[in-house]
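Have a look at the structure below, then the notes.
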Amino acid sequence: MNNEILTALVEKYGSPLYVYNVNKIETQFQRICTAFSTVKNLKINYAVKANSNISILKYFNSLKAGIDTVSIQEVQLGLAAGFKPEDIIYTPNGVSLHEIEKVAELGVQINIDNLSILEQFGYHYPKVPVCVRINPHIMAGGNRNISVGHIDSKFGISIHQVPHIKRVVENTGMHINGIHMHTGSDILDIDVFLAATEILFNTAKEFKNIDFIDFGSGFKVPYKEGDISTNIEELGEKLSIRFNDFCKEYGKNLTLMFEPGKFLVSDAGCFLANVNVVKQTTSTVFAGIDSGFNHLIRPMFYDSYHHIHNISNPNGRERYYSVVGYICETDSFGSNRRINEIREGDILCFNNAGAYCFTMASNYNSRYRPAEVMVYNGKDYLIRKQENFDDLIRNQISVDLSK
Ligand SMILES: *Cc1c(COP(=O)(O)O)cnc(C)c1O
């Protein structure tokens, strides 16, 4: 979207503001479908935690996507958005058996990632088919906090414990209908990913009557110049052939599933904020905006890079800035950034703000969470109002101990 459109949206809806370009979501979704077009049964389950606005979910429903959920509340959001229970997979980590039972009662596909719960669930509900999340111990990417398939990760049942899974299945009479992995967010190398898929194929052979194999996500999109992005077309070409061969070997047309979040929505979003102050110190120039890590925590939390540009002065002379927030502690969006000259009142645009940005927002410093807008075919739709004071105190109970 061009600078004029974005500026007009800030004028219309206020600052700060999240804007999602739905046409970009559509393009990314179609890229996956096209890359895997030779696979007969393909199911893309959008990972709700990346961006859980109900209007975004409804859009994915219209694309005939399913959803991947990690909490019963995300399941409920999905149902409210119109997804059928059979189009929802629930992949929790460390939640109670009670919550898993509640989700199973809704008719949603359960994906279990530890032996203790598998055994208890199988004992109580031998008739409910269950998918198992396997940890193939593939180290995908370099960031330990983001990659979740390596040896000391808390996610999944170790590939070395498959004999134990089979024992649980025998003892309880339960039915394993799917095999799942999600190795993490940093697939840099398609061959590493394909090595992990071989491990899943081998695991799948251990179970007699599965319906699907879920390869999770890990698709990378570029955040800055020079970043590697997953070559989905190459992955599709290689994995489709292998998957179709495996189905023959297995003797059944299985469904191939993925559950991308970031790949589908990250680049579709941008975050817009006004510059409150430009402050020259002895060492740097700070641009302070009307937002902070309460609205976009990834730079502070993961040291993530979000490209920042000045849409109010796109032809201004480039200078170096530290862009900071208004939260009363270290609150930086990026330091030493080359940006077109920033003046007070300018609007800065943060790229790749469609995934894990609003969903991680909080009310820290008693600030309101911002509005969200989606744009589709040139039309804009407000999909979340900015919060107000009533929202801040809604669940607070005012107890006065002096009375
Ligand atoms: C978060 C998550 C995803 C999505 O990961 P992205 O990196 O956003 O694609 C997929 N599956 C599971 C189980 C997840 O927890």
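Residue numbers start at 1 in each chain; chains themselves are named A, B, ... in the order of the structure tokens; ligands are numbered from 1 in the order shown.
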Shell around range 246-261 of chain A at 10 Å using only C-alpha atoms, local window under 5 positions removed, as a PyMOL selection string: chain A and resi 29+32+36+39-51+65-69+89+178-182+185+198+201-202+204-205+208-220+239-241+266+354-356
From a DSSP calculation on the backbone, collect every residue of range 158-381 of chain A in strand (DSSP E or B) and output the set as a PyMOL selection string. chain A and resi 158+176-180+184+212-214+255-258+269-280+285-289+308-310+318-324+332-340+347-350+371-376+379-381
Residue contacts of Asn352 in chain A (8 Å, only C-alpha atoms) excluding same-chain residues fewer than 5 positions away, as a list of chain:residue names: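 So the residues in contact are A:Tyr223, A:Ser266, A:Asp267, A:Ala268, A:Gly269, A:Cys270, A:His306, A:His307.
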Taking the DSSP assignment computed from this structure's backbone, write out as an NGL selection string all residues of range 64-171 of chain A that belong to alpha helix (DSSP H). :A and (72-80 or 97-105 or 115-124 or 162-171)
For Asp290 in chain A, the nearest of the candidates A:Lys102, A:Ser15, A:Gln73, A:Gly122, counting only C-alpha atoms: A:Ser15
Report as a ChimeraX atom specification all protein, DNA and RNA residues lying within 9 Å of Pro314 in chain A, evaluated on only C-alpha atoms, omitting residues in the same chain fewer than 6 positions from it. /A:3,339-341
What's the 10 Å shell around His124 in chain A, counting only C-alpha atoms, without same-chain residues fewer than 6 positions away, as a ChimeraX atom specification? /A:101,172,174
